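Student: File data-v6.txt follows (compact mmCIF, C-alpha atoms):
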```txt
# COMPACT_ATOMS: atom_id res chain seq x y z
CA MET T 1 -17.96 -11.51 11.70
CA GLU T 2 -18.77 -13.76 8.79
CA ASP T 3 -22.54 -13.42 8.69
CA LEU T 4 -23.08 -11.42 5.50
CA GLU T 5 -26.23 -10.76 3.47
CA GLN T 6 -28.03 -8.22 1.27
CA VAL T 7 -24.91 -7.00 -0.50
CA TYR T 8 -25.56 -4.48 -3.30
CA LEU T 9 -23.98 -1.49 -5.01
CA SER T 10 -25.32 2.03 -5.18
CA PRO T 11 -24.04 5.35 -6.54
CA LEU T 12 -21.83 7.37 -4.25
CA PRO T 13 -23.80 10.07 -2.43
CA ASP T 14 -21.97 13.01 -0.85
CA SER T 15 -19.61 10.89 1.24
CA PRO T 16 -17.62 11.89 4.32
CA TYR T 17 -15.12 9.08 3.58
CA VAL T 18 -14.44 9.25 -0.14
CA LYS T 19 -13.98 12.76 -1.51
CA PRO T 20 -12.80 12.53 -5.11
CA PHE T 21 -11.56 15.57 -7.03
CA ARG T 22 -9.36 16.46 -9.98
CA LEU T 23 -5.91 18.02 -9.74
CA ASN T 24 -5.02 20.11 -12.79
CA TYR T 25 -1.42 21.02 -13.54
CA THR T 26 1.07 21.90 -16.24
CA GLN T 27 4.21 19.72 -16.27
CA ASN T 28 7.04 20.61 -18.65
CA GLY T 29 4.66 22.91 -20.51
CA LYS T 30 1.98 20.24 -21.02
CA LYS T 31 -1.46 20.50 -19.39
CA LYS T 32 -2.39 17.38 -17.42
CA THR T 33 -5.02 16.19 -14.96
CA TRP T 34 -5.03 13.51 -12.29
CA ASP T 35 -8.02 12.23 -10.33
CA LEU T 36 -7.48 11.88 -6.61
CA LEU T 37 -9.07 11.18 -3.26
CA GLU T 38 -8.81 13.24 -0.12
CA VAL T 39 -7.62 10.82 2.59
CA HIS T 40 -6.34 11.02 6.15
CA ASP T 41 -2.79 10.33 7.24
CA SER T 42 -2.50 7.17 9.33
CA VAL T 43 -0.47 5.11 11.78
CA ALA T 44 0.37 1.39 11.82
CA ILE T 45 1.95 -0.49 14.70
CA ILE T 46 3.82 -3.82 14.82
CA VAL T 47 2.77 -5.24 18.20
CA PHE T 48 4.98 -8.10 19.40
CA ASN T 49 4.07 -9.93 22.61
CA VAL T 50 7.41 -10.95 24.15
CA THR T 51 5.77 -13.03 26.90
CA ARG T 52 4.50 -15.57 24.43
CA ARG T 53 6.62 -14.54 21.41
CA VAL T 54 3.69 -13.87 19.10
CA LEU T 55 2.86 -11.02 16.77
CA VAL T 56 -0.54 -9.45 17.31
CA PHE T 57 -2.78 -9.04 14.25
CA VAL T 58 -6.27 -7.74 13.67
CA LYS T 59 -8.77 -9.48 11.43
CA GLN T 60 -11.78 -7.70 9.99
CA PHE T 61 -14.18 -7.75 7.07
CA ARG T 62 -12.94 -5.35 4.41
CA PRO T 63 -15.59 -4.44 1.81
CA ALA T 64 -12.93 -3.31 -0.69
CA ILE T 65 -11.30 -6.75 -0.67
CA TYR T 66 -14.63 -8.58 -0.74
CA TYR T 67 -15.82 -6.59 -3.73
CA ASN T 68 -12.62 -7.31 -5.65
CA CYS T 69 -13.12 -11.05 -5.14
CA VAL T 70 -16.49 -10.88 -6.95
CA HIS T 71 -16.15 -11.64 -10.65
CA PRO T 72 -17.05 -8.55 -12.75
CA ASN T 73 -19.92 -10.48 -14.38
CA ASP T 74 -21.45 -11.08 -10.96
CA ARG T 75 -21.23 -7.45 -9.82
CA ASP T 76 -24.18 -6.25 -11.88
CA GLU T 77 -26.82 -8.36 -10.14
CA ASP T 78 -29.27 -6.61 -7.80
CA PHE T 79 -27.65 -8.44 -4.91
CA ILE T 80 -24.26 -10.14 -4.82
CA ASP T 81 -24.70 -13.89 -4.26
CA THR T 82 -23.29 -14.46 -0.76
CA LYS T 83 -23.47 -18.24 -1.18
CA LYS T 84 -21.12 -18.02 -4.14
CA TYR T 85 -19.10 -15.24 -2.48
CA PRO T 86 -19.02 -15.84 1.28
CA ALA T 87 -17.89 -13.11 3.67
CA SER T 88 -14.70 -15.04 4.44
CA LEU T 89 -13.29 -13.82 1.08
CA GLY T 90 -13.22 -10.29 2.48
CA ILE T 91 -11.63 -11.01 5.86
CA ALA T 92 -8.26 -9.24 5.95
CA LEU T 93 -5.30 -9.96 8.20
CA GLU T 94 -3.54 -6.71 9.13
CA ILE T 95 -1.36 -5.18 11.78
CA CYS T 96 -2.91 -2.64 14.15
CA ALA T 97 -3.58 0.65 12.34
CA GLY T 98 -5.79 3.72 12.32
CA ILE T 99 -6.34 7.09 10.70
CA ILE T 100 -5.20 10.39 12.17
CA ASP T 101 -8.49 12.22 12.55
CA LYS T 102 -7.81 13.96 15.86
CA ASP T 103 -5.56 16.88 16.67
CA LYS T 104 -3.11 14.86 18.77
CA PRO T 105 0.53 13.81 18.40
CA VAL T 106 0.96 10.89 16.01
CA ASN T 107 2.45 8.58 18.65
CA GLU T 108 -0.50 9.30 20.97
CA ILE T 109 -2.88 8.16 18.24
CA ALA T 110 -0.76 5.03 17.76
CA ARG T 111 -0.99 4.37 21.52
CA GLU T 112 -4.78 4.66 21.40
CA GLU T 113 -5.06 2.28 18.46
CA VAL T 114 -2.98 -0.38 20.22
CA LEU T 115 -5.35 -0.14 23.19
CA GLU T 116 -8.60 0.02 21.21
CA GLU T 117 -7.81 -2.64 18.65
CA CYS T 118 -5.48 -5.01 20.52
CA GLY T 119 -6.23 -4.29 24.20
CA TYR T 120 -2.65 -3.50 25.29
CA ASN T 121 -2.04 -0.42 27.42
CA VAL T 122 1.38 0.79 26.26
CA GLU T 123 3.32 3.94 27.14
CA LEU T 124 4.59 6.39 24.56
CA LYS T 125 8.18 5.32 25.31
CA ASP T 126 7.28 1.77 24.21
CA LEU T 127 6.51 3.00 20.67
CA HIS T 128 9.57 3.05 18.43
CA LYS T 129 9.13 4.84 15.13
CA ILE T 130 10.39 2.80 12.19
CA MET T 131 9.59 5.08 9.28
CA SER T 132 6.96 7.17 7.56
CA TYR T 133 6.12 6.69 3.88
CA ARG T 134 3.36 7.40 1.38
CA ALA T 135 0.41 5.01 1.76
CA GLY T 136 -0.15 5.09 -1.99
CA VAL T 137 1.02 6.77 -5.18
CA GLY T 138 -2.04 6.48 -7.41
CA VAL T 139 -5.16 8.18 -6.06
CA GLN T 140 -4.10 8.43 -2.41
CA GLY T 141 -0.80 9.86 -1.23
CA ALA T 142 -1.35 10.29 2.51
CA LEU T 143 1.46 9.70 4.98
CA GLN T 144 1.58 6.54 7.10
CA THR T 145 3.89 6.29 10.11
CA LEU T 146 4.95 2.80 11.20
CA TYR T 147 5.90 1.94 14.80
CA TYR T 148 7.31 -1.13 16.54
CA CYS T 149 6.06 -1.93 20.02
CA GLU T 150 6.90 -4.82 22.36
CA VAL T 151 4.23 -5.78 24.88
CA THR T 152 3.85 -8.31 27.68
CA ASP T 153 0.80 -10.27 28.80
CA ASP T 154 0.36 -8.06 31.87
CA MET T 155 -0.02 -4.98 29.67
CA LYS T 156 -3.23 -6.45 28.28
CA THR T 157 -5.85 -4.47 30.18
CA ALA T 158 -8.73 -4.65 27.72
CA GLN T 159 -10.14 -7.08 25.23
CA GLY T 160 -9.44 -4.99 22.11
CA GLY T 161 -11.66 -5.46 19.09
CA GLY T 162 -12.18 -1.82 18.18
CA VAL T 163 -14.72 0.82 19.17
CA ASP T 164 -18.22 1.80 18.00
CA ASP T 165 -19.38 -0.36 15.10
CA GLU T 166 -16.02 -2.02 14.48
CA ILE T 167 -15.98 -5.83 14.44
CA ILE T 168 -12.31 -6.66 14.89
CA GLU T 169 -10.87 -9.99 15.97
CA VAL T 170 -7.43 -10.01 17.63
CA VAL T 171 -5.30 -12.94 16.46
CA GLU T 172 -1.74 -13.98 17.25
CA LYS T 173 0.88 -15.64 15.09
CA THR T 174 4.19 -17.24 16.00
CA ILE T 175 7.41 -16.44 14.14
CA PRO T 176 7.26 -19.72 12.13
CA GLN T 177 3.66 -18.91 11.18
CA ILE T 178 4.69 -15.46 9.93
CA GLU T 179 7.52 -17.01 7.96
CA GLU T 180 5.09 -19.44 6.38
CA MET T 181 2.77 -16.57 5.47
CA LEU T 182 5.62 -14.57 3.87
CA ASN T 183 6.75 -17.62 1.89
CA SER T 184 3.26 -18.30 0.51
CA PRO T 185 2.48 -17.29 -3.09
CA GLY T 186 -0.88 -15.84 -2.00
CA PRO T 187 -3.19 -14.33 -2.84
CA LEU T 188 -2.94 -12.96 0.68
CA ALA T 189 -5.78 -10.85 2.07
CA SER T 190 -3.24 -8.42 3.52
CA PRO T 191 -1.99 -5.04 2.30
CA PRO T 192 1.65 -4.27 1.42
CA SER T 193 2.05 -2.07 4.52
CA CYS T 194 1.42 -5.18 6.66
CA LEU T 195 3.81 -7.25 4.53
CA PHE T 196 6.51 -4.57 4.78
CA ALA T 197 6.04 -4.54 8.56
CA LEU T 198 6.34 -8.34 8.73
CA MET T 199 9.46 -8.41 6.53
CA TRP T 200 10.96 -5.64 8.70
CA PHE T 201 10.23 -7.71 11.82
CA MET T 202 11.69 -10.89 10.31
CA HIS T 203 14.80 -9.05 9.18
CA HIS T 204 15.49 -7.03 12.33
CA LYS T 205 13.82 -8.72 15.32
CA ALA T 206 12.83 -12.35 14.72
CA ASP T 207 16.23 -13.97 15.34
CA LYS T 208 16.40 -12.54 18.84
CA TYR T 209 13.12 -14.25 19.78
CA ARG T 210 13.33 -17.41 17.75
CA LYS T 211 15.05 -19.61 20.36
CA MET K 1 10.18 16.38 -14.85
CA GLU K 2 10.27 19.10 -12.24
CA ASP K 3 8.84 21.99 -14.20
CA LEU K 4 5.42 22.47 -12.60
CA GLU K 5 2.94 25.35 -12.84
CA GLN K 6 -0.77 26.26 -12.87
CA VAL K 7 -1.78 23.72 -10.26
CA TYR K 8 -5.45 23.90 -9.20
CA LEU K 9 -8.27 21.69 -8.00
CA SER K 10 -11.60 21.10 -9.70
CA PRO K 11 -14.61 18.86 -9.03
CA LEU K 12 -14.41 15.31 -10.36
CA PRO K 13 -16.19 14.97 -13.69
CA ASP K 14 -17.21 11.51 -14.94
CA SER K 15 -13.74 9.98 -14.68
CA PRO K 16 -12.39 6.88 -16.41
CA TYR K 17 -9.79 6.53 -13.62
CA VAL K 18 -11.64 7.09 -10.39
CA LYS K 19 -15.06 5.42 -10.20
CA PRO K 20 -16.39 5.75 -6.68
CA PHE K 21 -19.49 3.87 -5.48
CA ARG K 22 -21.09 2.61 -2.28
CA LEU K 23 -21.25 -1.03 -1.20
CA ASN K 24 -24.26 -1.78 1.01
CA TYR K 25 -24.35 -4.91 3.16
CA THR K 26 -25.74 -6.46 6.30
CA GLN K 27 -23.12 -7.89 8.65
CA ASN K 28 -24.25 -9.85 11.71
CA GLY K 29 -27.75 -8.46 11.23
CA LYS K 30 -26.62 -4.84 11.10
CA LYS K 31 -26.95 -2.72 7.94
CA LYS K 32 -23.70 -1.06 6.91
CA THR K 33 -22.22 0.85 3.98
CA TRP K 34 -18.68 1.32 2.73
CA ASP K 35 -17.48 3.73 0.04
CA LEU K 36 -15.13 2.26 -2.52
CA LEU K 37 -13.28 2.81 -5.75
CA GLU K 38 -13.26 0.55 -8.79
CA VAL K 39 -9.56 -0.09 -9.53
CA HIS K 40 -7.50 -2.37 -11.74
CA ASP K 41 -5.36 -5.23 -10.53
CA SER K 42 -1.65 -4.58 -11.01
CA VAL K 43 1.86 -5.98 -11.22
CA ALA K 44 5.10 -4.82 -9.62
CA ILE K 45 8.58 -6.08 -10.45
CA ILE K 46 11.85 -5.97 -8.51
CA VAL K 47 14.46 -5.53 -11.27
CA PHE K 48 18.02 -6.27 -10.14
CA ASN K 49 20.90 -5.70 -12.55
CA VAL K 50 23.48 -8.38 -11.72
CA THR K 51 26.10 -6.91 -14.06
CA ARG K 52 26.50 -3.81 -11.92
CA ARG K 53 24.71 -5.06 -8.80
CA VAL K 54 22.14 -2.27 -8.71
CA LEU K 55 18.40 -2.26 -8.20
CA VAL K 56 16.45 -0.48 -10.91
CA PHE K 57 13.88 2.10 -9.79
CA VAL K 58 11.52 4.47 -11.54
CA LYS K 59 11.04 8.07 -10.51
CA GLN K 60 7.99 10.08 -11.52
CA PHE K 61 5.83 12.99 -10.43
CA ARG K 62 2.87 11.64 -8.46
CA PRO K 63 0.03 14.18 -8.09
CA ALA K 64 -1.41 12.28 -5.10
CA ILE K 65 1.83 12.66 -3.15
CA TYR K 66 2.32 16.28 -4.23
CA TYR K 67 -1.19 17.23 -3.12
CA ASN K 68 -0.68 15.62 0.29
CA CYS K 69 2.45 17.72 0.83
CA VAL K 70 0.41 20.92 0.48
CA HIS K 71 -0.82 22.23 3.81
CA PRO K 72 -4.64 22.09 4.01
CA ASN K 73 -4.76 25.90 4.45
CA ASP K 74 -2.93 26.33 1.13
CA ARG K 75 -5.22 24.01 -0.86
CA ASP K 76 -8.09 26.45 -1.13
CA GLU K 77 -6.24 29.05 -3.18
CA ASP K 78 -7.13 29.40 -6.86
CA PHE K 79 -3.72 28.08 -7.72
CA ILE K 80 -1.32 26.15 -5.48
CA ASP K 81 1.87 28.17 -4.93
CA THR K 82 4.55 26.17 -6.80
CA LYS K 83 7.32 28.33 -5.31
CA LYS K 84 6.28 27.30 -1.82
CA TYR K 85 5.49 23.75 -2.98
CA PRO K 86 7.95 22.77 -5.72
CA ALA K 87 7.31 19.73 -7.93
CA SER K 88 10.18 17.85 -6.25
CA LEU K 89 7.86 17.21 -3.27
CA GLY K 90 5.76 14.94 -5.47
CA ILE K 91 8.55 12.94 -7.11
CA ALA K 92 8.14 9.31 -5.99
CA LEU K 93 10.74 6.57 -6.00
CA GLU K 94 9.13 3.23 -6.87
CA ILE K 95 9.90 -0.15 -8.34
CA CYS K 96 8.64 -0.92 -11.84
CA ALA K 97 4.85 -1.44 -11.84
CA GLY K 98 1.73 -1.19 -13.96
CA ILE K 99 -1.98 -1.88 -14.04
CA ILE K 100 -3.55 -4.92 -15.70
CA ASP K 101 -5.78 -3.29 -18.29
CA LYS K 102 -5.26 -5.78 -21.12
CA ASP K 103 -6.55 -9.31 -21.53
CA LYS K 104 -3.13 -10.96 -21.27
CA PRO K 105 -1.43 -13.25 -18.75
CA VAL K 106 -0.18 -11.38 -15.70
CA ASN K 107 3.47 -12.29 -16.28
CA GLU K 108 3.24 -11.02 -19.87
CA ILE K 109 2.06 -7.64 -18.56
CA ALA K 110 4.95 -7.64 -16.08
CA ARG K 111 7.36 -8.36 -18.96
CA GLU K 112 5.97 -5.40 -20.94
CA GLU K 113 6.27 -3.04 -17.96
CA VAL K 114 9.94 -3.97 -17.43
CA LEU K 115 10.61 -3.13 -21.08
CA GLU K 116 8.51 0.05 -21.27
CA GLU K 117 9.55 1.56 -17.96
CA CYS K 118 13.10 0.24 -17.46
CA GLY K 119 14.22 -0.71 -20.99
CA TYR K 120 15.18 -4.34 -20.25
CA ASN K 121 13.96 -7.05 -22.61
CA VAL K 122 13.37 -10.02 -20.32
CA GLU K 123 11.85 -13.41 -21.03
CA LEU K 124 8.91 -14.82 -19.11
CA LYS K 125 11.18 -17.42 -17.50
CA ASP K 126 13.22 -14.58 -15.95
CA LEU K 127 10.19 -13.42 -13.95
CA HIS K 128 9.86 -15.20 -10.61
CA LYS K 129 6.59 -14.66 -8.81
CA ILE K 130 7.06 -13.72 -5.17
CA MET K 131 3.48 -13.26 -4.01
CA SER K 132 0.15 -11.63 -4.69
CA TYR K 133 -1.62 -9.53 -2.07
CA ARG K 134 -4.27 -6.85 -1.74
CA ALA K 135 -3.00 -3.41 -2.80
CA GLY K 136 -5.17 -1.76 -0.14
CA VAL K 137 -7.84 -2.51 2.43
CA GLY K 138 -9.64 0.83 2.70
CA VAL K 139 -11.20 2.06 -0.53
CA GLN K 140 -9.20 -0.11 -2.96
CA GLY K 141 -8.82 -3.87 -2.65
CA ALA K 142 -7.37 -4.84 -6.03
CA LEU K 143 -4.82 -7.63 -6.33
CA GLN K 144 -1.14 -6.83 -6.92
CA THR K 145 1.30 -9.54 -8.02
CA LEU K 146 4.98 -9.01 -7.20
CA TYR K 147 7.81 -10.52 -9.28
CA TYR K 148 11.58 -10.68 -8.93
CA CYS K 149 13.69 -10.42 -12.07
CA GLU K 150 17.46 -10.44 -12.57
CA VAL K 151 18.77 -8.62 -15.62
CA THR K 152 22.16 -7.96 -17.21
CA ASP K 153 23.45 -4.89 -19.04
CA ASP K 154 23.13 -6.65 -22.41
CA MET K 155 19.38 -7.15 -21.87
CA LYS K 156 18.93 -3.38 -21.96
CA THR K 157 17.55 -2.87 -25.47
CA ALA K 158 15.60 0.35 -24.97
CA GLN K 159 15.85 3.49 -22.90
CA GLY K 160 12.75 2.92 -20.78
CA GLY K 161 10.93 5.92 -19.39
CA GLY K 162 7.38 4.80 -20.13
CA VAL K 163 5.02 5.24 -23.07
CA ASP K 164 2.62 7.97 -24.27
CA ASP K 165 2.55 10.91 -21.87
CA GLU K 166 4.54 9.23 -19.11
CA ILE K 167 7.59 11.09 -17.81
CA ILE K 168 9.55 8.41 -16.00
CA GLU K 169 13.20 8.54 -15.03
CA VAL K 170 15.06 5.25 -14.56
CA VAL K 171 17.43 5.35 -11.58
CA GLU K 172 19.71 2.75 -10.02
CA LYS K 173 20.68 2.16 -6.41
CA THR K 174 23.37 -0.01 -4.89
CA ILE K 175 22.70 -2.39 -2.01
CA PRO K 176 24.24 0.00 0.57
CA GLN K 177 22.06 2.81 -0.81
CA ILE K 178 18.93 0.66 -0.40
CA GLU K 179 19.98 -0.21 3.13
CA GLU K 180 20.41 3.48 3.91
CA MET K 181 16.96 4.21 2.49
CA LEU K 182 15.35 1.45 4.58
CA ASN K 183 17.10 2.69 7.72
CA SER K 184 15.94 6.27 7.24
CA PRO K 185 13.04 7.58 9.36
CA GLY K 186 11.48 9.22 6.29
CA PRO K 187 9.14 10.59 5.24
CA LEU K 188 9.93 8.57 2.13
CA ALA K 189 8.15 9.36 -1.12
CA SER K 190 7.68 5.64 -1.73
CA PRO K 191 4.67 3.36 -1.22
CA PRO K 192 4.65 0.32 1.11
CA SER K 193 4.61 -2.09 -1.86
CA CYS K 194 8.04 -0.73 -2.85
CA LEU K 195 9.29 -0.93 0.74
CA PHE K 196 8.02 -4.52 1.08
CA ALA K 197 9.82 -5.39 -2.17
CA LEU K 198 13.07 -3.80 -0.91
CA MET K 199 12.88 -5.56 2.47
CA TRP K 200 12.21 -8.85 0.63
CA PHE K 201 15.27 -8.24 -1.53
CA MET K 202 17.47 -7.35 1.44
CA HIS K 203 16.30 -10.43 3.36
CA HIS K 204 16.53 -13.00 0.55
CA LYS K 205 18.93 -11.78 -2.12
CA ALA K 206 21.27 -8.99 -1.00
CA ASP K 207 23.87 -11.13 0.81
CA LYS K 208 24.56 -13.11 -2.35
CA TYR K 209 25.52 -9.92 -4.21
CA ARG K 210 27.03 -7.87 -1.45
CA LYS K 211 30.65 -9.00 -1.90
```
Take the structure from the file and write it as structure tokens.

Tutor:
Amino acid sequence: MEDLEQVYLSPLPDSPYVKPFRLNYTQNGKKKTWDLLEVHDSVAIIVFNVTRRVLVFVKQFRPAIYYNCVHPNDRDEDFIDTKKYPASLGIALEICAGIIDKDKPVNEIAREEVLEECGYNVELKDLHKIMSYRAGVGVQGALQTLYYCEVTDDMKTAQGGGVDDEIIEVVEKTIPQIEEMLNSPGPLASPPSCLFALMWFMHHKADKYRK
Amino acid sequence: MEDLEQVYLSPLPDSPYVKPFRLNYTQNGKKKTWDLLEVHDSVAIIVFNVTRRVLVFVKQFRPAIYYNCVHPNDRDEDFIDTKKYPASLGIALEICAGIIDKDKPVNEIAREEVLEECGYNVELKDLHKIMSYRAGVGVQGALQTLYYCEVTDDMKTAQGGGVDDEIIEVVEKTIPQIEEMLNSPGPLASPPSCLFALMWFMHHKADKYRK
């Protein structure tokens, strides 16, 4: 995962992933504009293995995080210096998640992500919806639905790690390790949706499994 | 805030806010690309008024949320139908936050945001850093630093509501109201950074002020 080279920037061509546009509107009689991105709704799933009392995370290289670790003065070079900025800077720790890009029920997509990314074959009844919320308020306002799912070792029927070109490592953390992470000042290479999920777990579920 | 009309989409011109580009890299010998946005780092602040035991929120119209509430079939019209899609759909409830676009210490920018948005004049020593994390992992990977700040009624020296063109309403919620919000299935018009902040508050601070 951490072998990284030949990193450089280029202008955005017509991209299937990032579709920026401008929203024009008149609020309280005043003309305004706001620049936005078209993005997919998504799911995220807290996967807790009750056999071994560990939370299941996915680790992957995230270009957006890597790029933001590069000092602005070092972004204008032809190639970013991967000795100075190793790939490890861009490795994010997240809970299982995926975009809704198929015409299927949201919980079915969540079920598929748990299998593809983490290797656990869960049933729809195992997925408990916690809440849906807006993934962002600035340029992206898509809906994310968060689930909680308890799994056992014998539900692990595949290795996980993603599909196609994805390079995803499945990692596990104990409750004390999650607590340590949440008490750290950071900077954490995790997004707030993951941190919300972890705080939710600590607040509502951890005590039951701590002993 | 909720008077909205003449809403339409247009192509993105050269925008100071949304600067998309492509990051090219070779990971484990395989050439890849990822489309990204250049974004600012930011601060967010949990403001708790101990005089009246309420959390201070900001409410504002967020075009990104509004747009995502419009059914894809209704986005291609010349103008979005504001009778069918009233502005209230895009009103987000958030904690105080702002981008780091000045060359100042991060806690100084947090202090300014608390004053500008919420009207409380706090000192730097009142701002307790909780954690910094990545605001996103997809197209934006900027750093967000979260603070906790207790205020009293006599620290309220201004009305708040933002500067320049901002239309921000300051609202307060009691601890039971926050609990109700966190126990709702949604969809909530709030981002995960706000929900993480609320769960953190409920887990670490609420009991002290509940009685």

Student: Within 10 Å of (-2.8, 0.5, 18.9) (file coordinates; all atoms listed in the file), which protein or nucleic acid residues are there? I'd like them as number ranges by chain.

Tutor: T: 43-47, 95-98, 107-122, 127, 147, 149, 160, 162

Student: Write down, as a PyMOL selection string, each residue of chain K that has any atom within 7 Å of an atom of chain T, counting all atoms listed in the file.

Tutor: chain K and resi 1+3-12+17-18+20-28+34-36+62-65+68+130-142+184-193+195-196+199-200+203

Student: If I take CA of Lys102 in chain K and CA of Val163 in chain K, how far is one from the other in Å, to one decimal?

Tutor: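 Calculated distance between CA of Lys102 in chain K and CA of Val163 in chain K is 15.2 Å.
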
Student: So that I can see what lies close to range 171-180 of chain K, please list as a list in words the residues with an atom at most 6 Å from it, counting only C-alpha atoms and leaving out residues fewer than 4 positions away in the same chain.

Tutor: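 Close residues of range 171-180 of chain K: Val54, Leu55, Val56, Phe57 and Val58 of chain K.
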
Student: Mind giving me the straight-line distance from CA of Thr51 in chain T to CA of Val106 in chain T in Å, one decimal?

Tutor: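 Distance between the two atoms: 26.7 Å.
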
Student: Provide the CA of Thr152 in chain T to CA of Arg52 in chain T distance in Å, to one decimal place.

Tutor: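 About the pair CA of Thr152 in chain T and CA of Arg52 in chain T: they are 8.0 Å apart.
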
Student: Can you tell me, as JSON, the centre and edge lengths (Å, one decimal) of the axis-aligned box enclosing all of range 113-131 of chain K's listed atoms after padding each side by 3 Å?

Tutor:
```
{"center_x": 9.3, "center_y": -7.9, "center_z": -13.3, "size_x": 17.7, "size_y": 25.0, "size_z": 24.6}
```

Student: Since the input is missing atoms for range 187-198 of chain T, could you rebuild it with N, CA, C and O atoms and give the result as a short mmCIF file (atom, residue, chain, number, x, y, z; two decimals), in the frame of the given file?

Tutor:
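See selection34.cif below for the written result:
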```cif
data_model
loop_
_atom_site.label_atom_id
_atom_site.label_comp_id
_atom_site.auth_asym_id
_atom_site.auth_seq_id
_atom_site.Cartn_x
_atom_site.Cartn_y
_atom_site.Cartn_z
N PRO T 187 -2.99 -15.72 -3.24
CA PRO T 187 -3.19 -14.33 -2.84
C PRO T 187 -3.49 -14.17 -1.35
O PRO T 187 -4.32 -14.87 -0.81
N LEU T 188 -2.74 -13.27 -0.73
CA LEU T 188 -2.94 -12.96 0.68
C LEU T 188 -3.94 -11.82 0.82
O LEU T 188 -3.86 -10.83 0.09
N ALA T 189 -4.83 -11.93 1.79
CA ALA T 189 -5.78 -10.85 2.07
C ALA T 189 -5.15 -9.89 3.07
O ALA T 189 -5.66 -9.65 4.16
N SER T 190 -3.98 -9.38 2.69
CA SER T 190 -3.24 -8.42 3.52
C SER T 190 -2.68 -7.35 2.61
O SER T 190 -2.36 -7.63 1.46
N PRO T 191 -2.54 -6.12 3.13
CA PRO T 191 -1.99 -5.04 2.30
C PRO T 191 -0.46 -5.00 2.39
O PRO T 191 0.12 -5.55 3.33
N PRO T 192 0.19 -4.33 1.43
CA PRO T 192 1.65 -4.27 1.42
C PRO T 192 2.24 -3.61 2.66
O PRO T 192 3.36 -3.93 3.05
N SER T 193 1.51 -2.70 3.30
CA SER T 193 2.05 -2.07 4.52
C SER T 193 2.22 -3.13 5.60
O SER T 193 3.21 -3.11 6.35
N CYS T 194 1.30 -4.08 5.70
CA CYS T 194 1.42 -5.18 6.66
C CYS T 194 2.59 -6.08 6.27
O CYS T 194 3.39 -6.47 7.13
N LEU T 195 2.73 -6.36 4.97
CA LEU T 195 3.81 -7.25 4.53
C LEU T 195 5.17 -6.60 4.74
O LEU T 195 6.14 -7.27 5.12
N PHE T 196 5.26 -5.29 4.50
CA PHE T 196 6.51 -4.57 4.78
C PHE T 196 6.84 -4.68 6.27
O PHE T 196 7.98 -4.97 6.65
N ALA T 197 5.83 -4.47 7.11
CA ALA T 197 6.04 -4.54 8.56
C ALA T 197 6.53 -5.93 8.96
O ALA T 197 7.45 -6.07 9.78
N LEU T 198 5.94 -6.98 8.37
CA LEU T 198 6.34 -8.34 8.73
C LEU T 198 7.76 -8.65 8.26
O LEU T 198 8.55 -9.27 8.98
#
```
